[in-house]
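> Pasting in a structure now, in structure tokens, and then I'll have a few things to ask.
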Amino acid sequence: MKGRYQGGMRKCNIAMMLMVWVFLSLCTIIEFKVEARALSSLDREIEARLKLLNKPAVKSIKSEDGDIIDCVSIYKQPAFDHPALKNHTIKMMPDFTFESQNSITVDVFNASSEVFQLWQKSGSCPDKTIPIRRIRKEDLLRVESLDRFGQKPMEVFVNSTYTTNLNSSNSNETNDEVNLKNRSDAYLMTYAHHFNGAEANINVWNPRVDKPEDFTTAQMWLKAGFGRDNFESVESGWTVNPKLYGDHSTRIFAYWTKDTYRSTGCFDLTCSGFVQTNKDIVLGGAIGPISYYGQQQFELNYGIFLDHDSKWWLKIRRNIPIGYWPPELFSNLKLSSTMVEWGGQVFSYEVKDKHPHTETQMGSGGAADGRFGNACYMSGVRIRDDSLKLKYPEYINTHAAEPYCYNTLNDAKYGQDPVLYFGGAGRKPPYCP
């Protein structure tokens, strides 16, 4: 009797174990199917976005740095996906010359301007096409939201004050500034009612980026709007941005926003807006050679100028137009810029009051007081106003959000052209813990 009971219990246990195993197997299969469906949905969304971003190529070029450059018909570029540009007529050249007898070009250091893009060694694009860096699936997989691909992260703006030195009057004045929670910047700035252009020679480096989501820039901004947290901006310079580009190369970039990075604008041609006219320069393309401590220094001239049709033209090397931001993108910037900034910026979730601070570098990674050969610089800083002449701005301020982490130095020696130095190493205890 006891044996039959024990045998029955064993059979019952085996049956229960089989039932549990079948149940778990079914759960696993269901979970796998659900996950497979979810992945399939994501794949379809990514493929649709890639089709939208990557226009049909007339020719493709494989760069030695791994980039693929697509030569796309100038009439089929991403700009014309913008609703306001459906019937836009391309303007191939600005209606003014970038250089004139009144422009001031000062070679301060005899630095080399022979900076080029690596992809140019592998080929060139035909006439009536523009080169566009191909976006790949892995680029989209790095972002939190496909809808914000190519955009700067949205910011939290907190009012604060800082003290600046007004070089024109040699006195201190306190101004309202907006503290960008996840951005640390160091720059030279000027205000006026009407700027229609600005330029600078930007020293080229390859600073270290610490975190996968961090990026660092050396750039110029032309802004207009109502208040520091409600502005429109056109921007250009160089950046190291591994999350966007997938590597730590130094790259040319262009950016625009109509609403302080909230929902409009993007880097390069990753959204509709910027109209490119140049077939030899890739926005987002790697550049070289770069500068090293105590060695030959390299620089690249950048300029942004407004023409008579209210188009903001981007140019490099003093007289090479890349393309323009059309007036349909803006409200206040249709007329002029009211603020120009030159300097650097680090984006990280570990800046300001965060400890430990990010070790992402700005500029060369060296502090501004290291000067030439150690710190990143901008020379030939100029604005253009209603006089249509390039000149050094009359009223200037310097600003550093975290002066013990990243700082600025406007080296304005009597009788010499001023040079802006900026940058820093980021975390460097005990000063920047």
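Each chain in the structure tokens gets a letter, A, B, ..., in the order shown, and its residues are numbered from 1; ligands are numbered from 1 in order too.
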Quick one: residues within 9 Å of range 47-61 of chain A, only C-alpha atoms counted, chain neighbours fewer than 5 positions away excluded, as a PyMOL selection string?

chain A and resi 42+67-73+76-78+119+122-126+129+131-137+140+146+269-271

> Name the residues in contact with Asp139 in chain A at a cut-off of 8 Å, using only C-alpha atoms, excluding same-chain residues fewer than 6 positions from it; report them as a PyMOL selection string.

chain A and resi 243-246

> CA of Ala401 in chain A to CA of Glu155 in chain A: how many Å, to one decimal?

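Separating CA of Ala401 in chain A from CA of Glu155 in chain A is a distance of 15.2 Å.
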
> Wanna dump the range 194-298 of chain A-range 412-421 of chain A contacts at 12 Å for me, each residue with its shortest atom pair and the distance in Å to one decimal, counting only C-alpha atoms, ordered by chain and number, as a Markdown table?


```
| residue | atom | partner | partner_atom | distance |
| --- | --- | --- | --- | --- |
| A:Ala200 | CA | A:Leu420 | CA | 10.0 |
| A:Asn201 | CA | A:Val419 | CA | 9.9 |
| A:Ile202 | CA | A:Leu420 | CA | 9.8 |
| A:Asn203 | CA | A:Tyr421 | CA | 9.7 |
| A:Ala218 | CA | A:Tyr421 | CA | 10.9 |
```

> When you count only C-alpha atoms, which of these residues is closest to Val156 in chain A: A:Trp342, A:Tyr404, A:Tyr261, A:Tyr431?

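Once distances to Val156 in chain A are computed over only C-alpha atoms, the minimum belongs to A:Tyr261.
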
> So, counting only C-alpha atoms, which residue among A:Gln361, A:Ser184, A:Ile74, A:Lys223 is closest to Asp127 in chain A?

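With only C-alpha atoms as the atom set, the closest residue is A:Ile74.
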
> Can you pull out every residue from range 193-324 of chain A that DSSP, working from the backbone, puts in helix (DSSP H, G or I), and format the result as a short mmCIF file (atom, residue, chain, number, x, y, z; two decimals) with C-alpha atoms, in the first residue's frame?


```
data_model
loop_
_atom_site.label_atom_id
_atom_site.label_comp_id
_atom_site.auth_asym_id
_atom_site.auth_seq_id
_atom_site.Cartn_x
_atom_site.Cartn_y
_atom_site.Cartn_z
CA PRO A 242 31.02 60.18 -30.81
CA LYS A 243 27.30 59.68 -30.20
CA LEU A 244 26.37 61.42 -33.43
CA TYR A 245 29.25 60.35 -35.68
#
```

> Please tabulate, as a tab-separated table, the residues of range 288-386 of chain A that come within 12 Å of range 231-234 of chain A, each with its closest pair of atoms and the distance in Å to one decimal, counting only C-alpha atoms and ordering rows by chain, then residue number upward.


```
residue	atom	partner	partner_atom	distance
A:Gly303	CA	A:Val234	CA	10.9
A:Ile304	CA	A:Val234	CA	8.2
A:Phe305	CA	A:Val234	CA	10.3
A:Leu306	CA	A:Val234	CA	11.0
A:Lys311	CA	A:Val234	CA	11.1
A:Trp312	CA	A:Val234	CA	8.0
A:Trp313	CA	A:Val234	CA	9.8
A:Leu314	CA	A:Val234	CA	9.2
A:Tyr324	CA	A:Val234	CA	9.9
A:Trp325	CA	A:Val234	CA	8.0
A:Pro326	CA	A:Val234	CA	11.0
A:Pro327	CA	A:Val234	CA	11.6
A:Leu329	CA	A:Glu232	CA	9.6
A:Phe330	CA	A:Glu232	CA	7.2
A:Ser331	CA	A:Glu232	CA	8.1
A:Asn332	CA	A:Glu232	CA	7.1
A:Leu333	CA	A:Glu232	CA	6.7
A:Lys334	CA	A:Glu232	CA	10.0
A:Leu335	CA	A:Glu232	CA	11.8
A:Ser336	CA	A:Glu232	CA	10.8
A:Ser337	CA	A:Ser233	CA	8.5
A:Thr338	CA	A:Phe231	CA	10.2
A:Met339	CA	A:Ser233	CA	9.5
A:Val340	CA	A:Ser233	CA	9.6
A:Glu341	CA	A:Ser233	CA	10.6
```

> Export, as a PDB file, in the first residue's frame, the selected residues with C-alpha atoms.


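Result file is part_22.pdb:
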```
ATOM      1  CA  GLY A 303      32.489  82.822 -41.540  1.00  0.00           C
ATOM      2  CA  ILE A 304      28.718  83.316 -41.526  1.00  0.00           C
ATOM      3  CA  PHE A 305      27.282  86.269 -43.470  1.00  0.00           C
ATOM      4  CA  LEU A 306      23.822  87.572 -44.367  1.00  0.00           C
ATOM      5  CA  LYS A 311      20.127  84.066 -46.468  1.00  0.00           C
ATOM      6  CA  TRP A 312      22.844  83.259 -43.917  1.00  0.00           C
ATOM      7  CA  TRP A 313      25.818  81.937 -45.905  1.00  0.00           C
ATOM      8  CA  LEU A 314      28.395  79.628 -44.346  1.00  0.00           C
ATOM      9  CA  TYR A 324      23.078  78.823 -46.660  1.00  0.00           C
ATOM     10  CA  TRP A 325      20.275  78.826 -44.138  1.00  0.00           C
ATOM     11  CA  PRO A 326      17.245  80.290 -45.970  1.00  0.00           C
ATOM     12  CA  PRO A 327      15.072  82.971 -44.311  1.00  0.00           C
ATOM     13  CA  LEU A 329      13.651  78.879 -41.238  1.00  0.00           C
ATOM     14  CA  PHE A 330      13.662  81.941 -38.975  1.00  0.00           C
ATOM     15  CA  SER A 331      11.813  84.940 -37.627  1.00  0.00           C
ATOM     16  CA  ASN A 332      14.300  87.240 -35.894  1.00  0.00           C
ATOM     17  CA  LEU A 333      17.347  86.064 -37.821  1.00  0.00           C
ATOM     18  CA  LYS A 334      15.692  87.116 -41.072  1.00  0.00           C
ATOM     19  CA  LEU A 335      16.797  90.660 -40.324  1.00  0.00           C
ATOM     20  CA  SER A 336      20.076  90.393 -38.445  1.00  0.00           C
ATOM     21  CA  SER A 337      21.925  88.896 -35.515  1.00  0.00           C
ATOM     22  CA  THR A 338      22.029  90.739 -32.203  1.00  0.00           C
ATOM     23  CA  MET A 339      24.717  88.611 -30.518  1.00  0.00           C
ATOM     24  CA  VAL A 340      27.852  86.834 -31.709  1.00  0.00           C
ATOM     25  CA  GLU A 341      29.854  84.344 -29.636  1.00  0.00           C
TER      26      GLU A 341
END
```

> Could you list, as a PyMOL selection string, every residue within 9 Å of Ala111 in chain A, counting only C-alpha atoms and ignoring same-chain residues fewer than 6 positions away?

chain A and resi 203+296-299

> Under the rule that only C-alpha atoms are counted, which of A:Leu188, A:Val115, A:Ala84, A:Ala198 is the nearest residue to Thr408 in chain A?

A:Leu188

> Enumerate the residues of range 41-263 of chain A with a DSSP assignment of strand (DSSP E), computed from the backbone, and present them as an MDAnalysis selection string.

chainID A and resid 57:62 68:73 116:117 129:133 157:166 171:180 183:195 197:203 215:225 231:240 251:257

> Skipping near chain neighbours, those fewer than 3 positions away, what residues fall within 9 Å of Asn230 in chain A using only C-alpha atoms, listed as a PDB file with all heavy atoms, in the first residue's frame?


```pdb
ATOM      1  N   ALA A 224      19.811  85.624 -32.420  1.00  0.00           N
ATOM      2  CA  ALA A 224      18.827  86.700 -32.321  1.00  0.00           C
ATOM      3  C   ALA A 224      17.617  86.137 -31.612  1.00  0.00           C
ATOM      4  O   ALA A 224      17.331  84.940 -31.691  1.00  0.00           O
ATOM      5  CB  ALA A 224      18.440  87.233 -33.699  1.00  0.00           C
ATOM      6  N   GLY A 225      16.891  86.979 -30.890  1.00  0.00           N
ATOM      7  CA  GLY A 225      15.702  86.511 -30.203  1.00  0.00           C
ATOM      8  C   GLY A 225      15.349  87.361 -29.019  1.00  0.00           C
ATOM      9  O   GLY A 225      15.867  88.470 -28.831  1.00  0.00           O
ATOM     10  N   PHE A 226      14.447  86.829 -28.209  1.00  0.00           N
ATOM     11  CA  PHE A 226      13.967  87.532 -27.038  1.00  0.00           C
ATOM     12  C   PHE A 226      14.430  86.799 -25.785  1.00  0.00           C
ATOM     13  O   PHE A 226      13.816  85.847 -25.333  1.00  0.00           O
ATOM     14  CB  PHE A 226      12.436  87.624 -27.052  1.00  0.00           C
ATOM     15  CG  PHE A 226      11.905  88.322 -28.268  1.00  0.00           C
ATOM     16  CD1 PHE A 226      11.385  87.601 -29.321  1.00  0.00           C
ATOM     17  CD2 PHE A 226      11.951  89.697 -28.368  1.00  0.00           C
ATOM     18  CE1 PHE A 226      10.895  88.237 -30.448  1.00  0.00           C
ATOM     19  CE2 PHE A 226      11.468  90.352 -29.495  1.00  0.00           C
ATOM     20  CZ  PHE A 226      10.938  89.613 -30.537  1.00  0.00           C
ATOM     21  N   GLY A 227      15.561  87.223 -25.238  1.00  0.00           N
ATOM     22  CA  GLY A 227      16.060  86.583 -24.027  1.00  0.00           C
ATOM     23  C   GLY A 227      17.002  85.449 -24.331  1.00  0.00           C
ATOM     24  O   GLY A 227      17.011  84.872 -25.421  1.00  0.00           O
ATOM     25  N   LYS A 258      15.616  77.331 -34.315  1.00  0.00           N
ATOM     26  CA  LYS A 258      14.684  78.457 -34.242  1.00  0.00           C
ATOM     27  C   LYS A 258      14.114  78.619 -32.841  1.00  0.00           C
ATOM     28  O   LYS A 258      13.546  79.662 -32.505  1.00  0.00           O
ATOM     29  CB  LYS A 258      13.538  78.250 -35.240  1.00  0.00           C
ATOM     30  CG  LYS A 258      12.571  79.433 -35.315  1.00  0.00           C
ATOM     31  CD  LYS A 258      11.446  79.185 -36.301  1.00  0.00           C
ATOM     32  CE  LYS A 258      10.490  80.382 -36.311  1.00  0.00           C
ATOM     33  NZ  LYS A 258       9.382  80.197 -37.281  1.00  0.00           N
ATOM     34  N   ASP A 259      14.276  77.592 -32.003  1.00  0.00           N
ATOM     35  CA  ASP A 259      13.626  77.622 -30.688  1.00  0.00           C
ATOM     36  C   ASP A 259      14.541  77.108 -29.585  1.00  0.00           C
ATOM     37  O   ASP A 259      14.128  76.324 -28.737  1.00  0.00           O
ATOM     38  CB  ASP A 259      12.328  76.811 -30.715  1.00  0.00           C
ATOM     39  CG  ASP A 259      12.551  75.356 -31.107  1.00  0.00           C
ATOM     40  OD1 ASP A 259      13.717  74.978 -31.392  1.00  0.00           O
ATOM     41  OD2 ASP A 259      11.585  74.589 -31.134  1.00  0.00           O
ATOM     42  N   THR A 260      15.781  77.558 -29.575  1.00  0.00           N
ATOM     43  CA  THR A 260      16.722  77.249 -28.498  1.00  0.00           C
ATOM     44  C   THR A 260      16.889  75.745 -28.301  1.00  0.00           C
ATOM     45  O   THR A 260      16.859  75.251 -27.179  1.00  0.00           O
ATOM     46  CB  THR A 260      16.273  77.917 -27.177  1.00  0.00           C
ATOM     47  OG1 THR A 260      15.716  79.193 -27.453  1.00  0.00           O
ATOM     48  CG2 THR A 260      17.441  78.082 -26.206  1.00  0.00           C
TER      49      THR A 260
END
```

> Which residues are near Asp307 in chain A? Cut-off 10 Å, only C-alpha atoms, ignore same chain within fewer than 6 positions. Put them as number ranges by chain.

A: 94-97, 196-197, 313, 324

> Considering only C-alpha atoms, state which residue in the set A:Gly150, A:Gly284, A:Gly294, A:Gly273 is at the smallest distance from Phe372 in chain A.

A:Gly294

> Leaving out Asn241 in chain A and any residue of its chain fewer than 2 positions from it, which residues lie within 12 Å of it when counting only C-alpha atoms, given as a PyMOL selection string?

chain A and resi 139+142+150-152+206-218+238-239+243-253+267+284-286+345-348+360-361
